[in-house]
$ cat protein_36.tsv   # TSV, C-alpha atoms and all ligand atoms
chain	number	residue	atom	x	y	z
A	1	MET	CA	16.67	-1.28	31.64
A	2	LEU	CA	17.05	-2.37	28.07
A	3	ILE	CA	13.88	-1.85	26.07
A	4	LYS	CA	13.98	-2.73	22.39
A	5	GLU	CA	12.14	-0.56	19.92
A	6	ARG	CA	9.84	-2.64	17.78
A	7	LEU	CA	8.45	-1.01	14.64
A	8	PHE	CA	4.74	-1.58	14.16
A	9	THR	CA	4.18	1.38	11.85
A	10	PRO	CA	2.59	1.15	8.39
A	11	GLY	CA	5.78	2.27	6.71
A	12	PRO	CA	8.61	2.10	7.21
A	13	VAL	CA	8.49	-1.50	8.35
A	14	PRO	CA	11.03	-3.89	9.90
A	15	LEU	CA	13.56	-5.41	7.50
A	16	PRO	CA	14.23	-9.15	7.17
A	17	PRO	CA	17.87	-10.21	7.82
A	18	GLN	CA	18.32	-11.20	4.16
A	19	VAL	CA	17.43	-7.65	3.14
A	20	ILE	CA	19.75	-6.09	5.70
A	21	LYS	CA	22.57	-8.28	4.44
A	22	ALA	CA	21.97	-7.27	0.83
A	23	LEU	CA	21.92	-3.61	1.82
A	24	GLY	CA	25.20	-3.93	3.70
A	25	GLN	CA	27.22	-4.95	0.66
A	26	GLN	CA	29.75	-2.80	-1.14
A	27	ILE	CA	28.00	-1.09	-4.03
A	28	ILE	CA	28.35	-2.44	-7.56
A	29	HIS	CA	28.31	-0.28	-10.67
A	30	HIS	CA	25.02	-0.23	-12.51
A	31	ARG	CA	26.38	-0.27	-16.04
A	32	THR	CA	27.67	-3.81	-15.67
A	33	PRO	CA	26.45	-7.27	-16.65
A	34	GLU	CA	26.29	-8.11	-12.94
A	35	PHE	CA	23.73	-5.39	-12.26
A	36	THR	CA	21.79	-6.08	-15.45
A	37	ASN	CA	21.51	-9.68	-14.47
A	38	ALA	CA	20.17	-8.85	-11.01
A	39	PHE	CA	17.82	-6.21	-12.42
A	40	LEU	CA	16.30	-8.67	-14.87
A	41	GLN	CA	15.85	-11.22	-12.08
A	42	VAL	CA	13.98	-8.65	-10.00
A	43	ARG	CA	11.85	-7.69	-12.97
A	44	GLU	CA	10.86	-11.28	-13.52
A	45	LYS	CA	10.04	-11.76	-9.84
A	46	LEU	CA	7.88	-8.63	-9.85
A	47	GLN	CA	6.03	-10.08	-12.84
A	48	LYS	CA	5.47	-13.27	-10.84
A	49	LEU	CA	4.25	-11.25	-7.86
A	50	LEU	CA	1.65	-9.55	-10.07
A	51	LYS	CA	1.06	-12.56	-12.34
A	52	THR	CA	1.83	-10.69	-15.54
A	53	LYS	CA	4.26	-10.71	-18.42
A	54	ARG	CA	3.93	-7.00	-18.94
A	55	ASP	CA	6.22	-4.16	-17.93
A	56	VAL	CA	6.72	-3.67	-14.21
A	57	LEU	CA	8.91	-0.58	-14.00
A	58	MET	CA	11.07	0.56	-11.10
A	59	PHE	CA	11.82	4.20	-10.25
A	60	ALA	CA	14.18	5.64	-7.65
A	61	SER	CA	11.55	7.51	-5.63
A	62	SER	CA	9.15	7.03	-2.78
A	63	GLY	CA	5.70	5.69	-3.62
A	64	THR	CA	4.34	9.11	-4.48
A	65	GLY	CA	6.71	9.25	-7.47
A	66	ALA	CA	4.96	6.29	-9.08
A	67	MET	CA	1.60	7.93	-8.31
A	68	GLU	CA	2.76	11.01	-10.20
A	69	ALA	CA	4.05	8.80	-13.02
A	70	SER	CA	0.62	7.24	-13.39
A	71	ILE	CA	-0.91	10.64	-13.98
A	72	VAL	CA	1.66	12.27	-16.25
A	73	ASN	CA	2.08	9.32	-18.61
A	74	PHE	CA	-1.50	8.18	-19.09
A	75	PHE	CA	-3.61	11.34	-18.97
A	76	SER	CA	-3.85	14.68	-20.74
A	77	GLU	CA	-4.80	18.16	-19.65
A	78	GLU	CA	-8.53	18.61	-19.02
A	79	ASP	CA	-9.16	14.84	-18.82
A	80	THR	CA	-11.83	14.05	-16.25
A	81	VAL	CA	-10.89	11.66	-13.46
A	82	LEU	CA	-12.85	10.33	-10.52
A	83	VAL	CA	-10.99	10.24	-7.21
A	84	ILE	CA	-12.14	7.84	-4.51
A	85	ASN	CA	-11.12	10.17	-1.71
A	86	ALA	CA	-11.45	8.47	1.65
A	87	GLY	CA	-8.30	9.60	3.44
A	88	LYS	CA	-4.87	11.17	3.27
A	89	PHE	CA	-3.74	9.16	0.26
A	90	GLY	CA	-7.00	9.68	-1.63
A	91	GLN	CA	-6.37	13.40	-1.13
A	92	ARG	CA	-2.94	12.90	-2.64
A	93	TRP	CA	-4.47	11.51	-5.84
A	94	ARG	CA	-6.70	14.55	-5.99
A	95	GLU	CA	-3.79	16.95	-5.46
A	96	ILE	CA	-1.57	15.37	-8.10
A	97	ALA	CA	-4.40	15.28	-10.65
A	98	LYS	CA	-5.27	18.93	-9.97
A	99	ARG	CA	-1.66	20.03	-10.16
A	100	TYR	CA	-1.58	18.68	-13.73
A	101	ASN	CA	-4.84	20.40	-14.66
A	102	LEU	CA	-7.03	17.36	-14.83
A	103	LYS	CA	-10.72	17.84	-14.06
A	104	VAL	CA	-11.33	16.10	-10.79
A	105	ILE	CA	-14.59	14.63	-9.62
A	106	ASP	CA	-13.85	14.37	-5.94
A	107	TYR	CA	-15.89	11.59	-4.36
A	108	GLU	CA	-15.25	12.46	-0.73
A	109	ILE	CA	-15.96	9.72	1.75
A	110	PRO	CA	-15.88	10.07	5.54
A	111	TRP	CA	-12.62	8.70	6.96
A	112	GLY	CA	-13.02	5.08	8.00
A	113	LYS	CA	-15.57	4.24	5.34
A	114	THR	CA	-15.30	2.84	1.85
A	115	TYR	CA	-17.25	3.99	-1.22
A	116	ASP	CA	-20.93	3.26	-1.61
A	117	LYS	CA	-21.68	0.99	-4.58
A	118	GLU	CA	-24.98	2.64	-5.53
A	119	LYS	CA	-23.43	6.08	-5.32
A	120	LEU	CA	-20.53	4.98	-7.48
A	121	ILE	CA	-22.89	3.69	-10.17
A	122	GLU	CA	-24.76	6.99	-10.01
A	123	ILE	CA	-21.53	8.98	-10.54
A	124	LEU	CA	-20.40	6.79	-13.45
A	125	GLY	CA	-23.82	7.20	-15.06
A	126	LYS	CA	-23.72	10.96	-14.67
A	127	TYR	CA	-20.20	11.50	-16.02
A	128	PRO	CA	-19.57	9.26	-19.05
A	129	GLN	CA	-16.49	11.37	-19.88
A	130	ILE	CA	-14.51	9.89	-16.97
A	131	LYS	CA	-11.07	8.87	-18.29
A	132	GLY	CA	-9.73	7.37	-15.09
A	133	ILE	CA	-10.68	6.27	-11.59
A	134	LEU	CA	-7.98	6.88	-8.99
A	135	VAL	CA	-8.19	4.78	-5.86
A	136	GLN	CA	-6.23	3.24	-3.00
A	137	GLN	CA	-6.79	-0.49	-2.62
A	138	SER	CA	-5.75	-0.06	0.98
A	139	GLU	CA	-6.11	3.51	2.30
A	140	THR	CA	-3.39	3.40	4.93
A	141	SER	CA	-4.39	6.59	6.74
A	142	THR	CA	-7.72	5.09	7.74
A	143	THR	CA	-6.75	1.39	7.40
A	144	THR	CA	-9.61	0.92	4.96
A	145	TYR	CA	-9.97	-1.55	2.12
A	146	HIS	CA	-11.64	-0.44	-1.11
A	147	ASP	CA	-13.11	-3.07	-3.42
A	148	VAL	CA	-11.18	-2.41	-6.62
A	149	LYS	CA	-12.67	-5.31	-8.55
A	150	PHE	CA	-16.18	-3.89	-8.40
A	151	LEU	CA	-14.89	-0.50	-9.54
A	152	ALA	CA	-13.15	-2.08	-12.51
A	153	GLU	CA	-16.20	-4.13	-13.48
A	154	LYS	CA	-18.58	-1.18	-13.34
A	155	ALA	CA	-16.20	1.15	-15.16
A	156	ASN	CA	-15.78	-1.42	-17.90
A	157	GLU	CA	-19.49	-1.86	-18.21
A	158	MET	CA	-20.47	1.81	-18.09
A	159	LEU	CA	-17.61	3.90	-19.48
A	160	GLU	CA	-16.00	4.13	-22.91
A	161	ASP	CA	-12.37	4.77	-22.14
A	162	CYS	CA	-11.55	4.67	-18.47
A	163	LEU	CA	-8.34	3.50	-16.80
A	164	ILE	CA	-8.48	1.99	-13.30
A	165	VAL	CA	-5.53	3.48	-11.47
A	166	VAL	CA	-4.75	1.73	-8.21
A	167	ASP	CA	-2.43	2.81	-5.44
A	168	GLY	CA	-1.46	-0.62	-4.17
A	169	ILE	CA	1.27	0.65	-1.89
A	170	THR	CA	-0.15	-1.16	1.13
A	171	SER	CA	-2.01	-3.90	-0.73
A	172	VAL	CA	0.67	-5.47	-2.92
A	173	GLY	CA	2.45	-7.95	-0.64
A	174	VAL	CA	-0.55	-8.06	1.69
A	175	TYR	CA	-3.23	-9.40	-0.63
A	176	GLU	CA	-3.00	-11.38	-3.84
A	177	VAL	CA	-3.13	-8.51	-6.32
A	178	TYR	CA	-3.26	-9.64	-9.93
A	179	PRO	CA	-4.04	-6.61	-12.10
A	180	GLU	CA	-4.83	-8.55	-15.25
A	181	GLU	CA	-7.41	-10.70	-13.48
A	182	VAL	CA	-9.02	-7.77	-11.69
A	183	GLY	CA	-8.95	-5.29	-14.57
A	184	ILE	CA	-6.51	-2.83	-13.00
A	185	ASP	CA	-4.85	-0.69	-15.68
A	186	ILE	CA	-2.19	1.02	-13.62
A	187	LEU	CA	-0.89	-0.31	-10.33
A	188	VAL	CA	1.76	1.35	-8.20
A	189	THR	CA	3.58	0.29	-5.10
A	190	GLY	CA	6.56	1.36	-3.02
A	191	SER	CA	9.45	-0.27	-1.23
A	192	GLN	CA	8.97	0.67	2.43
A	193	LYS	CA	5.63	-1.05	2.97
A	194	ALA	CA	4.82	-4.71	2.38
A	195	LEU	CA	7.91	-5.19	0.21
A	196	MET	CA	10.03	-5.01	3.40
A	197	LEU	CA	12.67	-2.57	2.20
A	198	PRO	CA	13.79	0.92	3.18
A	199	PRO	CA	12.09	3.78	1.29
A	200	GLY	CA	13.40	4.90	-2.08
A	201	LEU	CA	12.01	2.57	-4.71
A	202	SER	CA	8.65	2.74	-6.45
A	203	ILE	CA	7.08	0.29	-8.88
A	204	LEU	CA	4.58	0.73	-11.68
A	205	TYR	CA	2.58	-1.79	-13.73
A	206	TYR	CA	0.44	-0.73	-16.70
A	207	SER	CA	-1.98	-2.65	-18.91
A	208	GLU	CA	-2.17	-2.96	-22.66
A	209	LYS	CA	-5.11	-0.57	-22.61
A	210	ALA	CA	-3.10	1.98	-20.63
A	211	GLU	CA	-0.17	1.63	-23.01
A	212	LYS	CA	-2.21	3.19	-25.82
A	213	ARG	CA	-2.43	6.40	-23.83
A	214	LEU	CA	1.35	6.77	-23.77
A	215	ASP	CA	1.28	8.16	-27.30
A	216	THR	CA	-1.45	10.71	-26.71
A	217	SER	CA	-0.70	12.00	-23.20
A	218	ASN	CA	0.34	15.66	-23.37
A	219	LEU	CA	1.40	16.23	-19.77
A	220	PRO	CA	5.01	17.23	-19.05
A	221	LYS	CA	7.39	14.57	-17.76
A	222	TYR	CA	11.10	14.11	-17.61
A	223	TYR	CA	12.25	11.71	-14.90
A	224	PHE	CA	9.01	9.71	-14.76
A	225	ASP	CA	8.86	8.90	-18.46
A	226	VAL	CA	7.31	5.46	-18.84
A	227	LYS	CA	8.10	5.11	-22.54
A	228	ALA	CA	11.78	5.88	-22.05
A	229	GLU	CA	12.05	3.61	-19.01
A	230	SER	CA	10.14	0.80	-20.65
A	231	LYS	CA	12.71	0.48	-23.46
A	232	LYS	CA	15.66	0.55	-21.07
A	233	GLN	CA	14.25	-1.66	-18.35
A	234	ALA	CA	13.29	-4.46	-20.72
A	235	LYS	CA	17.04	-4.76	-21.34
A	236	GLY	CA	18.01	-4.63	-17.69
A	237	GLN	CA	19.01	-0.99	-17.50
A	238	THR	CA	17.40	2.25	-16.35
A	239	ALA	CA	17.44	5.68	-17.98
A	240	TYR	CA	19.09	7.24	-14.90
A	241	THR	CA	21.08	5.90	-11.96
A	242	PRO	CA	18.91	3.24	-10.31
A	243	ALA	CA	18.57	2.67	-6.55
A	244	ILE	CA	21.19	-0.07	-6.92
A	245	ASN	CA	21.24	-1.48	-3.39
A	246	LEU	CA	17.48	-1.31	-3.02
A	247	ILE	CA	17.08	-3.31	-6.20
A	248	LEU	CA	19.54	-5.93	-4.95
A	249	ALA	CA	17.65	-6.03	-1.65
A	250	LEU	CA	14.32	-6.32	-3.47
A	251	ASN	CA	15.72	-9.44	-5.11
A	252	GLU	CA	15.96	-10.91	-1.60
A	253	SER	CA	12.60	-9.76	-0.28
A	254	LEU	CA	10.87	-11.07	-3.40
A	255	ASN	CA	12.51	-14.44	-2.77
A	256	LEU	CA	10.95	-14.45	0.69
A	257	ILE	CA	7.56	-13.50	-0.71
A	258	LEU	CA	7.59	-15.98	-3.58
A	259	ASP	CA	8.96	-18.78	-1.39
A	260	GLU	CA	6.16	-18.29	1.09
A	261	GLY	CA	3.69	-18.34	-1.80
A	262	LEU	CA	1.19	-15.60	-2.49
A	263	GLU	CA	-1.76	-17.52	-1.17
A	264	ASN	CA	0.02	-18.21	2.13
A	265	LEU	CA	1.17	-14.63	2.34
A	266	ALA	CA	-2.37	-13.33	1.92
A	267	LYS	CA	-3.68	-15.81	4.50
A	268	ARG	CA	-0.98	-14.81	7.02
A	269	HIS	CA	-1.90	-11.15	6.68
A	270	GLU	CA	-5.59	-11.95	6.94
A	271	VAL	CA	-5.08	-13.87	10.17
A	272	MET	CA	-2.74	-11.29	11.72
A	273	ALA	CA	-5.24	-8.55	10.93
A	274	LYS	CA	-8.19	-10.56	12.22
A	275	ALA	CA	-6.39	-11.43	15.46
A	276	THR	CA	-5.52	-7.77	16.03
A	277	ARG	CA	-9.02	-6.53	15.25
A	278	GLU	CA	-10.77	-9.02	17.48
A	279	ALA	CA	-8.28	-8.58	20.30
A	280	VAL	CA	-8.70	-4.81	20.53
A	281	GLN	CA	-12.47	-5.16	20.39
A	282	GLU	CA	-12.25	-7.66	23.23
A	283	LEU	CA	-10.79	-4.79	25.27
A	284	GLY	CA	-13.80	-2.65	24.44
A	285	LEU	CA	-11.98	-0.52	21.89
A	286	LYS	CA	-13.56	0.52	18.60
A	287	LEU	CA	-12.14	0.00	15.13
A	288	LEU	CA	-11.65	3.04	12.94
A	289	SER	CA	-12.66	1.37	9.71
A	290	GLU	CA	-15.95	-0.14	8.64
A	291	SER	CA	-14.09	-1.92	5.87
A	292	PRO	CA	-10.81	-2.82	7.56
A	293	ALA	CA	-7.73	-3.61	5.49
A	294	ASN	CA	-5.30	-6.41	6.31
A	295	SER	CA	-2.26	-4.12	6.11
A	296	ALA	CA	-2.78	-2.23	9.36
A	297	THR	CA	-5.47	-1.83	12.01
A	298	GLY	CA	-6.70	1.59	13.07
A	299	VAL	CA	-8.23	1.77	16.54
A	300	TYR	CA	-9.90	4.58	18.49
A	301	ALA	CA	-8.33	5.32	21.86
A	302	PRO	CA	-10.81	4.85	24.71
A	303	GLU	CA	-13.07	7.76	25.71
A	304	GLY	CA	-11.08	10.42	27.56
A	305	ILE	CA	-7.66	9.05	26.59
A	306	ASN	CA	-5.47	10.78	24.04
A	307	ALA	CA	-4.22	8.26	21.50
A	308	ASP	CA	-0.85	9.99	21.32
A	309	ASP	CA	-0.39	9.59	25.09
A	310	LEU	CA	-1.19	5.93	24.69
A	311	ARG	CA	1.37	5.71	21.89
A	312	LYS	CA	3.98	7.26	24.18
A	313	GLN	CA	3.22	4.60	26.77
A	314	LEU	CA	3.58	1.91	24.13
A	315	LEU	CA	6.90	3.35	23.01
A	316	LYS	CA	8.18	3.30	26.60
A	317	ILE	CA	7.63	-0.44	26.76
A	318	GLY	CA	9.05	-1.11	23.29
A	319	PHE	CA	6.38	-0.62	20.62
A	320	ARG	CA	6.31	2.14	18.05
A	321	VAL	CA	2.83	2.35	16.51
A	322	ALA	CA	1.47	5.08	14.25
A	323	GLY	CA	-1.01	7.80	15.13
A	324	GLY	CA	-3.77	9.46	13.20
A	325	GLN	CA	-3.48	12.29	10.70
A	326	ASP	CA	-5.42	15.55	10.48
A	327	HIS	CA	-8.72	15.37	12.42
A	328	LEU	CA	-7.86	11.87	13.65
A	329	LYS	CA	-4.70	13.05	15.40
A	330	GLY	CA	-4.84	12.13	19.08
A	331	LYS	CA	-7.96	10.06	18.47
A	332	ILE	CA	-6.64	6.89	16.87
A	333	PHE	CA	-3.57	4.69	16.70
A	334	ARG	CA	-2.58	2.26	13.97
A	335	ILE	CA	-0.85	-1.09	14.37
A	336	ALA	CA	0.80	-2.38	11.21
A	337	HIS	CA	1.01	-6.01	10.27
A	338	MET	CA	2.33	-5.88	6.74
A	339	GLY	CA	5.58	-7.42	5.65
A	340	TYR	CA	8.05	-9.05	7.98
A	341	PHE	CA	5.62	-9.91	10.76
A	342	ASP	CA	4.32	-13.24	11.95
A	343	PHE	CA	1.61	-14.40	14.33
A	344	MET	CA	3.66	-14.17	17.52
A	345	ASP	CA	4.54	-10.56	16.72
A	346	MET	CA	0.83	-9.83	16.98
A	347	ILE	CA	0.56	-11.58	20.34
A	348	GLN	CA	3.44	-9.45	21.52
A	349	VAL	CA	2.01	-6.10	20.48
A	350	ILE	CA	-1.41	-6.99	21.90
A	351	ALA	CA	0.17	-7.96	25.23
A	352	GLY	CA	2.00	-4.63	25.16
A	353	LEU	CA	-1.22	-2.79	24.43
A	354	GLU	CA	-2.87	-4.35	27.49
A	355	ILE	CA	-0.05	-3.05	29.68
A	356	ALA	CA	0.06	0.40	28.11
A	357	LEU	CA	-3.71	0.81	28.45
A	358	GLN	CA	-3.66	-0.19	32.09
A	359	LYS	CA	-0.75	2.16	32.82
A	360	ILE	CA	-2.64	5.05	31.31
A	361	GLY	CA	-5.66	4.37	33.48
A	362	TYR	CA	-7.95	2.27	31.34
A	363	PRO	CA	-9.23	-0.83	33.13
A	364	VAL	CA	-7.81	-3.97	31.54
A	365	GLU	CA	-8.08	-7.57	32.56
A	366	PHE	CA	-4.68	-8.93	31.59
A	367	GLY	CA	-4.72	-11.70	29.04
A	368	LYS	CA	-8.20	-11.03	27.71
A	369	ALA	CA	-7.13	-9.61	24.37
A	370	VAL	CA	-4.10	-11.86	24.17
A	371	SER	CA	-6.17	-15.01	24.58
A	372	LYS	CA	-8.61	-13.84	21.92
A	373	ALA	CA	-5.69	-13.42	19.50
A	374	GLN	CA	-4.29	-16.81	20.54
A	375	GLU	CA	-7.58	-18.50	19.72
A	376	ILE	CA	-7.64	-17.02	16.24
A	377	ILE	CA	-4.00	-17.73	15.53
A	378	ARG	CA	-4.16	-21.29	16.84
A	379	GLU	CA	-6.59	-22.19	14.09
A	380	VAL	CA	-3.96	-21.71	11.40
A	381	LEU	CA	-0.88	-23.04	13.20
B	1	LIG	C1	2.89	5.13	2.10
B	1	LIG	C2	1.82	5.32	1.11
B	1	LIG	C3	2.01	6.11	-0.04
B	1	LIG	C4	3.29	6.71	-0.49
B	1	LIG	O1	3.93	7.50	0.33
B	1	LIG	P1	5.47	7.82	0.12
B	1	LIG	O2	5.77	8.52	1.38
B	1	LIG	O3	5.60	8.65	-1.08
B	1	LIG	O4	6.18	6.50	-0.04
B	1	LIG	C5	0.96	6.23	-0.92
B	1	LIG	N1	-0.20	5.60	-0.73
B	1	LIG	C6	-0.40	4.81	0.34
B	1	LIG	C7	-1.71	4.12	0.46
B	1	LIG	C8	0.60	4.65	1.29
B	1	LIG	O5	0.40	3.85	2.34
$ encode --input "protein_36.tsv" --output "structure tokens" --more "lines below"
Ligand SMILES: *Cc1c(COP(=O)(O)O)cnc(C)c1O
Amino acid sequence: MLIKERLFTPGPVPLPPQVIKALGQQIIHHRTPEFTNAFLQVREKLQKLLKTKRDVLMFASSGTGAMEASIVNFFSEEDTVLVINAGKFGQRWREIAKRYNLKVIDYEIPWGKTYDKEKLIEILGKYPQIKGILVQQSETSTTTYHDVKFLAEKANEMLEDCLIVVDGITSVGVYEVYPEEVGIDILVTGSQKALMLPPGLSILYYSEKAEKRLDTSNLPKYYFDVKAESKKQAKGQTAYTPAINLILALNESLNLILDEGLENLAKRHEVMAKATREAVQELGLKLLSESPANSATGVYAPEGINADDLRKQLLKIGFRVAGGQDHLKGKIFRIAHMGYFDFMDMIQVIAGLEIALQKIGYPVEFGKAVSKAQEIIREVL
């Protein structure tokens, strides 16, 4: 029997037809007015997405490249940084910072939780030398949302010279993320998450305050050189060969995003996430996160059932969902709802989950979770 494979993973994500079409074109040369024109259009649309007139740079790399760029361009050896480390991607901030000989204050948080506000204030009070706070707005490995605004406010209030460095890889395109309003100094994102593209493109915004650091940073950099790229990209070119087709495809996905409107986009993600969360709880399953993000929903498999076996069942009937990493492997599964998903996609995956659970031996009353999701979705249709 034909079974379609539907991607419900938090990266890569399904591609809209407009993006697929753009990717299927014959390549154009990048040192041409045609490319420059498209590049400048994309740049302007990225500025609209983030509500800024400042530089929004593009690199040919996965998201981690832009994370590395935010360390090597804006910090110096021995600078102290605070890492909000609540999962796999928080660990990545710590590793990059350590690799470049920064002094890391590692605020480790149990997976599935966000930072504690009192504790944060205590840390900021104890270490006035902190030069940067590194955080995920949405920690994809645990599907947890961290309140970046509070971090920025407190850092501003309590510290002399601190940059708020935000990995927005699964928050940009899911939430309204406006760095200038929130006080984010460096914001990075990547193509294969809510921007609805294949992997290979990363994006970096930096504030006026962060820009001052460009002249003093003493860390080595070659490819990820913000100053060099900034000059080129303002004129519609890049220092090295750009990810040409991805940039042309980004032009299309940004049209979709801006046409929907950022408020609508954020609402859609909120409702999809809420419907998923409430539906799985209706089945008696437990959420992984105490501060769940709207990009993906992490769920514990029922007692006695291996989450990876459940995922195999789901795949058999047409749904590819993600598992857990490290100590969560086999314990949780994650359903993505960022990017090219709508409400009925959620109904579909929840219906599939009911079947997969029953097949694997967990008692399910068909329709219970689905009708919960329908109720929530109906309110916005
Ligand atoms: C996917 C992801 C990344 C980047 O991973 P790459 O594989 O380098 O694209 C970083 N942070 C978060 C929160 C992510 O979800």
$ closest_atom_pairs --input "protein_36.tsv" --of "chain A" --to "ligand LIG 1 (chain B)" --cutoff "8 Å" --atoms "all atoms listed in the file" --output "CSV"
residue,atom,partner,partner_atom,distance
A:Pro10,CA,B:LIG1,O5,7.0
A:Gly11,CA,B:LIG1,C1,6.1
A:Ser61,CA,B:LIG1,O3,7.6
A:Ser62,CA,B:LIG1,O4,4.1
A:Gly63,CA,B:LIG1,O4,3.7
A:Thr64,CA,B:LIG1,O3,3.7
A:Gly65,CA,B:LIG1,O3,6.5
A:Met67,CA,B:LIG1,C5,7.6
A:Phe89,CA,B:LIG1,N1,5.1
A:Gly90,CA,B:LIG1,C7,8.0
A:Arg92,CA,B:LIG1,C5,7.9
A:Gln136,CA,B:LIG1,C7,5.8
A:Gln137,CA,B:LIG1,C7,7.5
A:Ser138,CA,B:LIG1,C7,5.8
A:Glu139,CA,B:LIG1,C7,4.8
A:Thr140,CA,B:LIG1,O5,4.6
A:Ser141,CA,B:LIG1,O5,7.1
A:Asp167,CA,B:LIG1,N1,5.9
A:Gly168,CA,B:LIG1,C7,6.6
A:Ile169,CA,B:LIG1,C6,5.0
A:Thr170,CA,B:LIG1,O5,5.2
A:Thr189,CA,B:LIG1,C5,7.7
A:Gly190,CA,B:LIG1,O4,6.0
A:Ser191,CA,B:LIG1,O4,7.6
A:Gln192,CA,B:LIG1,O4,6.9
A:Lys193,CA,B:LIG1,C1,6.8
A:Pro199,CA,B:LIG1,O4,6.6
A:Gly200,CA,B:LIG1,O4,7.7
A:Ser202,CA,B:LIG1,O4,7.8
$ atom_distance --input "protein_36.tsv" --atom1 "atom CA of Tyr145 of chain A" --atom2 "atom CA of Arg277 of chain A"
14.1 Å
$ closest_residue --input "protein_36.tsv" --among "A:Ala356, A:Met344, A:Leu163, A:Leu254" --to "Lys316 of chain A" --atoms "only C-alpha atoms"
A:Ala356
$ residues_around --input "protein_36.tsv" --residues "segment 357-368 of chain A" --least-positions-apart "4" --cutoff "8 Å" --atoms "only C-alpha atoms" --output "number ranges by chain"
A: 279, 282-283, 302, 305, 310, 313, 351, 353, 372
$ closest_residue --input "protein_36.tsv" --among "A:Lys48, A:Lys53, A:Lys103, A:His30" --to "Lys131 of chain A" --atoms "all atoms listed in the file"
A:Lys103
$ closest_residue --input "protein_36.tsv" --among "A:Arg268, A:Arg213, A:Lys98, A:Lys232" --to "Tyr175 of chain A" --atoms "only C-alpha atoms"
A:Arg268
$ decode --input "protein_36.tsv" --residues "segment 288-299 of chain A" --atoms "N, CA, C and O atoms" --output "CSV table (one decimal), in the first residue's frame"
chain,number,residue,atom,x,y,z
A,288,LEU,N,7.1,17.2,27.8
A,288,LEU,CA,8.5,17.2,28.3
A,288,LEU,C,8.8,18.6,29.0
A,288,LEU,O,9.5,18.6,30.0
A,289,SER,N,8.2,19.7,28.4
A,289,SER,CA,8.7,21.0,28.9
A,289,SER,C,7.7,21.6,29.8
A,289,SER,O,6.5,21.6,29.6
A,290,GLU,N,8.2,22.3,30.8
A,290,GLU,CA,7.4,23.1,31.7
A,290,GLU,C,7.1,24.5,31.1
A,290,GLU,O,6.3,25.2,31.6
A,291,SER,N,7.9,24.8,30.1
A,291,SER,CA,7.8,26.1,29.5
A,291,SER,C,7.8,25.9,28.0
A,291,SER,O,8.7,26.2,27.3
A,292,PRO,N,6.7,25.3,27.5
A,292,PRO,CA,6.7,24.7,26.1
A,292,PRO,C,6.8,25.8,25.0
A,292,PRO,O,6.1,26.9,25.1
A,293,ALA,N,7.6,25.6,24.0
A,293,ALA,CA,7.7,26.5,22.9
A,293,ALA,C,6.7,26.2,21.8
A,293,ALA,O,6.1,25.1,21.8
A,294,ASN,N,6.4,27.1,20.9
A,294,ASN,CA,5.4,26.9,19.9
A,294,ASN,C,6.0,26.3,18.6
A,294,ASN,O,5.4,26.2,17.6
A,295,SER,N,7.3,26.0,18.6
A,295,SER,CA,8.0,25.5,17.4
A,295,SER,C,7.8,24.0,17.3
A,295,SER,O,7.7,23.5,16.2
A,296,ALA,N,7.8,23.3,18.4
A,296,ALA,CA,7.7,21.8,18.4
A,296,ALA,C,7.2,21.4,19.8
A,296,ALA,O,7.4,22.2,20.8
A,297,THR,N,6.6,20.2,19.9
A,297,THR,CA,6.1,19.8,21.2
A,297,THR,C,6.8,18.4,21.5
A,297,THR,O,6.7,17.5,20.8
A,298,GLY,N,7.4,18.4,22.7
A,298,GLY,CA,8.1,17.2,23.2
A,298,GLY,C,7.2,16.5,24.1
A,298,GLY,O,6.6,17.1,25.0
A,299,VAL,N,7.1,15.2,23.9
A,299,VAL,CA,6.1,14.4,24.7
A,299,VAL,C,6.8,13.2,25.3
A,299,VAL,O,7.6,12.5,24.5
